[in-house]
file entry_27.pdb (PDB, C-alpha atoms, pLDDT in the B column)
ATOM      1  CA  MET A   1       0.000   0.000   0.000  1.00 43.00           C
ATOM      2  CA  ILE A   2       2.759   2.458   0.857  1.00 53.00           C
ATOM      3  CA  LYS A   3       4.677   1.865  -2.385  1.00 54.00           C
ATOM      4  CA  ARG A   4       1.513   2.427  -4.416  1.00 47.00           C
ATOM      5  CA  ASN A   5       1.000   5.826  -2.751  1.00 58.00           C
ATOM      6  CA  ARG A   6       4.618   6.768  -3.511  1.00 58.00           C
ATOM      7  CA  ALA A   7       3.741   7.182  -7.192  1.00 60.00           C
ATOM      8  CA  LYS A   8       1.291   9.976  -6.290  1.00 73.00           C
ATOM      9  CA  MET A   9       3.728  11.891  -4.072  1.00 83.00           C
ATOM     10  CA  SER A  10       5.003  15.370  -4.796  1.00 93.00           C
ATOM     11  CA  ASN A  11       8.619  15.683  -5.860  1.00 96.00           C
ATOM     12  CA  GLN A  12       9.566  17.250  -2.511  1.00 96.00           C
ATOM     13  CA  ASN A  13       7.967  14.358  -0.617  1.00 97.00           C
ATOM     14  CA  ARG A  14       9.973  11.890  -2.707  1.00 96.00           C
ATOM     15  CA  ILE A  15      13.169  13.813  -1.997  1.00 97.00           C
ATOM     16  CA  VAL A  16      12.495  13.866   1.759  1.00 98.00           C
ATOM     17  CA  LEU A  17      11.543  10.183   1.829  1.00 97.00           C
ATOM     18  CA  ASP A  18      14.611   9.187  -0.193  1.00 97.00           C
ATOM     19  CA  HIS A  19      16.862  11.079   2.219  1.00 98.00           C
ATOM     20  CA  LEU A  20      15.219   9.540   5.290  1.00 98.00           C
ATOM     21  CA  TRP A  21      15.373   6.062   3.760  1.00 96.00           C
ATOM     22  CA  ASN A  22      18.915   6.153   2.320  1.00 96.00           C
ATOM     23  CA  ILE A  23      20.824   8.669   4.450  1.00 97.00           C
ATOM     24  CA  GLY A  24      19.039   9.029   7.778  1.00 97.00           C
ATOM     25  CA  PRO A  25      17.742  11.876   9.949  1.00 98.00           C
ATOM     26  CA  LEU A  26      16.903  15.197   8.324  1.00 98.00           C
ATOM     27  CA  THR A  27      16.671  18.692   9.815  1.00 98.00           C
ATOM     28  CA  PRO A  28      14.846  21.716   8.393  1.00 98.00           C
ATOM     29  CA  LEU A  29      18.117  23.546   7.715  1.00 97.00           C
ATOM     30  CA  SER A  30      19.702  20.640   5.846  1.00 98.00           C
ATOM     31  CA  ALA A  31      16.466  20.100   3.873  1.00 98.00           C
ATOM     32  CA  LEU A  32      16.482  23.749   2.816  1.00 98.00           C
ATOM     33  CA  VAL A  33      20.194  23.945   1.982  1.00 98.00           C
ATOM     34  CA  ASN A  34      20.539  20.571   0.249  1.00 98.00           C
ATOM     35  CA  TYR A  35      17.142  20.135  -1.409  1.00 98.00           C
ATOM     36  CA  GLY A  36      15.343  23.496  -1.407  1.00 97.00           C
ATOM     37  CA  VAL A  37      12.570  22.112   0.823  1.00 97.00           C
ATOM     38  CA  ALA A  38      11.449  25.112   2.894  1.00 97.00           C
ATOM     39  CA  ARG A  39       8.559  23.509   4.817  1.00 97.00           C
ATOM     40  CA  LEU A  40       9.969  20.196   5.982  1.00 98.00           C
ATOM     41  CA  ALA A  41       7.400  19.791   8.790  1.00 98.00           C
ATOM     42  CA  ALA A  42       4.591  19.975   6.228  1.00 98.00           C
ATOM     43  CA  ARG A  43       6.256  17.378   3.991  1.00 98.00           C
ATOM     44  CA  VAL A  44       6.799  15.079   6.989  1.00 98.00           C
ATOM     45  CA  GLU A  45       3.145  15.424   7.999  1.00 97.00           C
ATOM     46  CA  GLU A  46       2.047  14.474   4.481  1.00 96.00           C
ATOM     47  CA  LEU A  47       4.284  11.401   4.570  1.00 96.00           C
ATOM     48  CA  LYS A  48       2.868  10.422   7.963  1.00 95.00           C
ATOM     49  CA  GLN A  49      -0.673  10.735   6.626  1.00 94.00           C
ATOM     50  CA  ILE A  50       0.022   8.176   3.909  1.00 92.00           C
ATOM     51  CA  GLY A  51       1.500   5.700   6.369  1.00 92.00           C
ATOM     52  CA  TYR A  52       5.205   6.352   6.902  1.00 95.00           C
ATOM     53  CA  ASN A  53       6.434   6.081  10.496  1.00 97.00           C
ATOM     54  CA  ILE A  54       8.510   9.228  10.966  1.00 98.00           C
ATOM     55  CA  VAL A  55       9.640  10.250  14.447  1.00 98.00           C
ATOM     56  CA  THR A  56      10.319  13.852  15.428  1.00 97.00           C
ATOM     57  CA  THR A  57      13.052  14.636  17.945  1.00 97.00           C
ATOM     58  CA  LEU A  58      13.483  18.167  19.304  1.00 97.00           C
ATOM     59  CA  LYS A  59      17.106  19.148  19.819  1.00 96.00           C
ATOM     60  CA  THR A  60      18.746  22.200  21.393  1.00 96.00           C
ATOM     61  CA  ILE A  61      22.101  23.745  20.498  1.00 94.00           C
ATOM     62  CA  ASN A  62      23.215  27.127  21.858  1.00 95.00           C
ATOM     63  CA  HIS A  63      19.706  27.768  23.246  1.00 95.00           C
ATOM     64  CA  LYS A  64      18.148  27.247  19.821  1.00 95.00           C
ATOM     65  CA  ARG A  65      15.647  24.451  19.257  1.00 96.00           C
ATOM     66  CA  TYR A  66      15.111  22.562  16.054  1.00 96.00           C
ATOM     67  CA  ALA A  67      13.463  19.350  14.926  1.00 97.00           C
ATOM     68  CA  SER A  68      15.152  16.291  13.503  1.00 98.00           C
ATOM     69  CA  TYR A  69      13.077  13.755  11.582  1.00 98.00           C
ATOM     70  CA  GLU A  70      13.881  10.056  11.304  1.00 98.00           C
ATOM     71  CA  LEU A  71      12.146   7.233   9.439  1.00 97.00           C
ATOM     72  CA  ARG A  72      11.366   4.231  11.602  1.00 94.00           C
ATOM     73  CA  SER A  73      10.418   0.788  10.372  1.00 78.00           C
ATOM     74  CA  VAL A  74       6.734  -0.034  10.334  1.00 60.00           C
TER      75      VAL A  74
END
call {"tool": "encode", "arguments": {"input": "entry_27.pdb", "output": "structure tokens"}}
result
Amino acid sequence: MIKRNRAKMSNQNRIVLDHLWNIGPLTPLSALVNYGVARLAARVEELKQIGYNIVTTLKTINHKRYASYELRSV
């Protein structure tokens, strides 16, 4: 079912999913710099809605918080 939905994904969703699947965790800054994906949280939410198990971890560096997204097995 998940693979069938992949054909209907936007290009940005495919890029995000490919990174999570092949490389690992992804942050909003790295998504913007490397792929031009400005709204990573929105793309992650769309992927979750079609069945992908993506976990969000909030991290803090120098008093600044950011999210890191990681694909987990189903």
call {"tool": "residues_around", "arguments": {"input": "entry_27.pdb", "residues": "region 45-62 of chain A", "least_positions_apart": "6", "cutoff": "6 Å", "atoms": "only C-alpha atoms", "output": "ChimeraX atom specification"}}
result
/A:68-72
call {"tool": "atom_distance", "arguments": {"input": "entry_27.pdb", "atom1": "CA of Lys8 (chain A)", "atom2": "CA of Val33 (chain A)"}}
result
24.9 Å
call {"tool": "atom_distance", "arguments": {"input": "entry_27.pdb", "atom1": "CA of Ala67 (chain A)", "atom2": "CA of Asp18 (chain A)"}}
result
18.3 Å
call {"tool": "residues_around", "arguments": {"input": "entry_27.pdb", "residues": "region 35-42 of chain A", "least_positions_apart": "6", "cutoff": "9 Å", "atoms": "all atoms listed in the file", "output": "MDAnalysis selection string"}}
result
chainID A and resid 12 15:16 26:29 67 69
call {"tool": "atom_distance", "arguments": {"input": "entry_27.pdb", "atom1": "CA of Arg43 (chain A)", "atom2": "CA of Leu20 (chain A)"}}
result
12.0 Å
call {"tool": "axis_aligned_box", "arguments": {"input": "entry_27.pdb", "around": "region 15-18 of chain A", "padding_each_side": "8 Å", "output": "AutoDock Vina command-line options"}}
result
--center_x 13.1 --center_y 11.5 --center_z -0.1 --size_x 19.1 --size_y 20.7 --size_z 19.8
call {"tool": "build_atoms", "arguments": {"input": "entry_27.pdb", "residues": "region 42-59 of chain A", "atoms": "N, CA, C and O atoms", "output": "PDB file, in the coordinates of the input"}}
result
ATOM      1  N   ALA A  42       5.779  20.246   7.043  1.00 98.00           N
ATOM      2  CA  ALA A  42       4.591  19.975   6.228  1.00 98.00           C
ATOM      3  C   ALA A  42       4.786  18.717   5.378  1.00 98.00           C
ATOM      4  O   ALA A  42       3.877  17.891   5.247  1.00 98.00           O
ATOM      5  N   ARG A  43       5.976  18.576   4.795  1.00 98.00           N
ATOM      6  CA  ARG A  43       6.256  17.378   3.991  1.00 98.00           C
ATOM      7  C   ARG A  43       6.227  16.120   4.859  1.00 98.00           C
ATOM      8  O   ARG A  43       5.696  15.085   4.463  1.00 98.00           O
ATOM      9  N   VAL A  44       6.795  16.216   6.064  1.00 98.00           N
ATOM     10  CA  VAL A  44       6.799  15.079   6.989  1.00 98.00           C
ATOM     11  C   VAL A  44       5.375  14.708   7.372  1.00 98.00           C
ATOM     12  O   VAL A  44       5.015  13.531   7.405  1.00 98.00           O
ATOM     13  N   GLU A  45       4.545  15.694   7.646  1.00 97.00           N
ATOM     14  CA  GLU A  45       3.145  15.424   7.999  1.00 97.00           C
ATOM     15  C   GLU A  45       2.421  14.723   6.855  1.00 97.00           C
ATOM     16  O   GLU A  45       1.652  13.789   7.073  1.00 97.00           O
ATOM     17  N   GLU A  46       2.665  15.129   5.636  1.00 96.00           N
ATOM     18  CA  GLU A  46       2.047  14.474   4.481  1.00 96.00           C
ATOM     19  C   GLU A  46       2.501  13.019   4.378  1.00 96.00           C
ATOM     20  O   GLU A  46       1.691  12.126   4.083  1.00 96.00           O
ATOM     21  N   LEU A  47       3.777  12.775   4.614  1.00 96.00           N
ATOM     22  CA  LEU A  47       4.284  11.401   4.570  1.00 96.00           C
ATOM     23  C   LEU A  47       3.681  10.555   5.688  1.00 96.00           C
ATOM     24  O   LEU A  47       3.349   9.388   5.486  1.00 96.00           O
ATOM     25  N   LYS A  48       3.505  11.141   6.857  1.00 95.00           N
ATOM     26  CA  LYS A  48       2.868  10.422   7.963  1.00 95.00           C
ATOM     27  C   LYS A  48       1.429  10.062   7.617  1.00 95.00           C
ATOM     28  O   LYS A  48       0.963   8.968   7.932  1.00 95.00           O
ATOM     29  N   GLN A  49       0.727  10.969   6.967  1.00 94.00           N
ATOM     30  CA  GLN A  49      -0.673  10.735   6.626  1.00 94.00           C
ATOM     31  C   GLN A  49      -0.852   9.583   5.641  1.00 94.00           C
ATOM     32  O   GLN A  49      -1.914   8.957   5.627  1.00 94.00           O
ATOM     33  N   ILE A  50       0.161   9.300   4.838  1.00 92.00           N
ATOM     34  CA  ILE A  50       0.022   8.176   3.909  1.00 92.00           C
ATOM     35  C   ILE A  50       0.661   6.898   4.452  1.00 92.00           C
ATOM     36  O   ILE A  50       0.732   5.906   3.758  1.00 92.00           O
ATOM     37  N   GLY A  51       1.109   6.938   5.718  1.00 92.00           N
ATOM     38  CA  GLY A  51       1.500   5.700   6.369  1.00 92.00           C
ATOM     39  C   GLY A  51       2.951   5.524   6.771  1.00 92.00           C
ATOM     40  O   GLY A  51       3.302   4.483   7.319  1.00 92.00           O
ATOM     41  N   TYR A  52       3.810   6.498   6.513  1.00 95.00           N
ATOM     42  CA  TYR A  52       5.205   6.352   6.902  1.00 95.00           C
ATOM     43  C   TYR A  52       5.380   6.687   8.377  1.00 95.00           C
ATOM     44  O   TYR A  52       4.788   7.648   8.880  1.00 95.00           O
ATOM     45  N   ASN A  53       6.193   5.899   9.073  1.00 97.00           N
ATOM     46  CA  ASN A  53       6.434   6.081  10.496  1.00 97.00           C
ATOM     47  C   ASN A  53       7.665   6.971  10.665  1.00 97.00           C
ATOM     48  O   ASN A  53       8.794   6.497  10.648  1.00 97.00           O
ATOM     49  N   ILE A  54       7.426   8.262  10.822  1.00 98.00           N
ATOM     50  CA  ILE A  54       8.510   9.228  10.966  1.00 98.00           C
ATOM     51  C   ILE A  54       8.432   9.814  12.371  1.00 98.00           C
ATOM     52  O   ILE A  54       7.386  10.285  12.801  1.00 98.00           O
ATOM     53  N   VAL A  55       9.558   9.780  13.064  1.00 98.00           N
ATOM     54  CA  VAL A  55       9.640  10.250  14.447  1.00 98.00           C
ATOM     55  C   VAL A  55      10.326  11.610  14.469  1.00 98.00           C
ATOM     56  O   VAL A  55      11.343  11.815  13.804  1.00 98.00           O
ATOM     57  N   THR A  56       9.757  12.519  15.259  1.00 97.00           N
ATOM     58  CA  THR A  56      10.319  13.852  15.428  1.00 97.00           C
ATOM     59  C   THR A  56      11.049  13.931  16.760  1.00 97.00           C
ATOM     60  O   THR A  56      10.497  13.563  17.791  1.00 97.00           O
ATOM     61  N   THR A  57      12.274  14.418  16.727  1.00 97.00           N
ATOM     62  CA  THR A  57      13.052  14.636  17.945  1.00 97.00           C
ATOM     63  C   THR A  57      13.412  16.111  18.007  1.00 97.00           C
ATOM     64  O   THR A  57      13.963  16.653  17.043  1.00 97.00           O
ATOM     65  N   LEU A  58      13.097  16.772  19.129  1.00 97.00           N
ATOM     66  CA  LEU A  58      13.483  18.167  19.304  1.00 97.00           C
ATOM     67  C   LEU A  58      14.859  18.227  19.930  1.00 97.00           C
ATOM     68  O   LEU A  58      15.121  17.563  20.928  1.00 97.00           O
ATOM     69  N   LYS A  59      15.734  19.015  19.340  1.00 96.00           N
ATOM     70  CA  LYS A  59      17.106  19.148  19.819  1.00 96.00           C
ATOM     71  C   LYS A  59      17.386  20.612  20.141  1.00 96.00           C
ATOM     72  O   LYS A  59      16.752  21.503  19.586  1.00 96.00           O
TER      73      LYS A  59
END
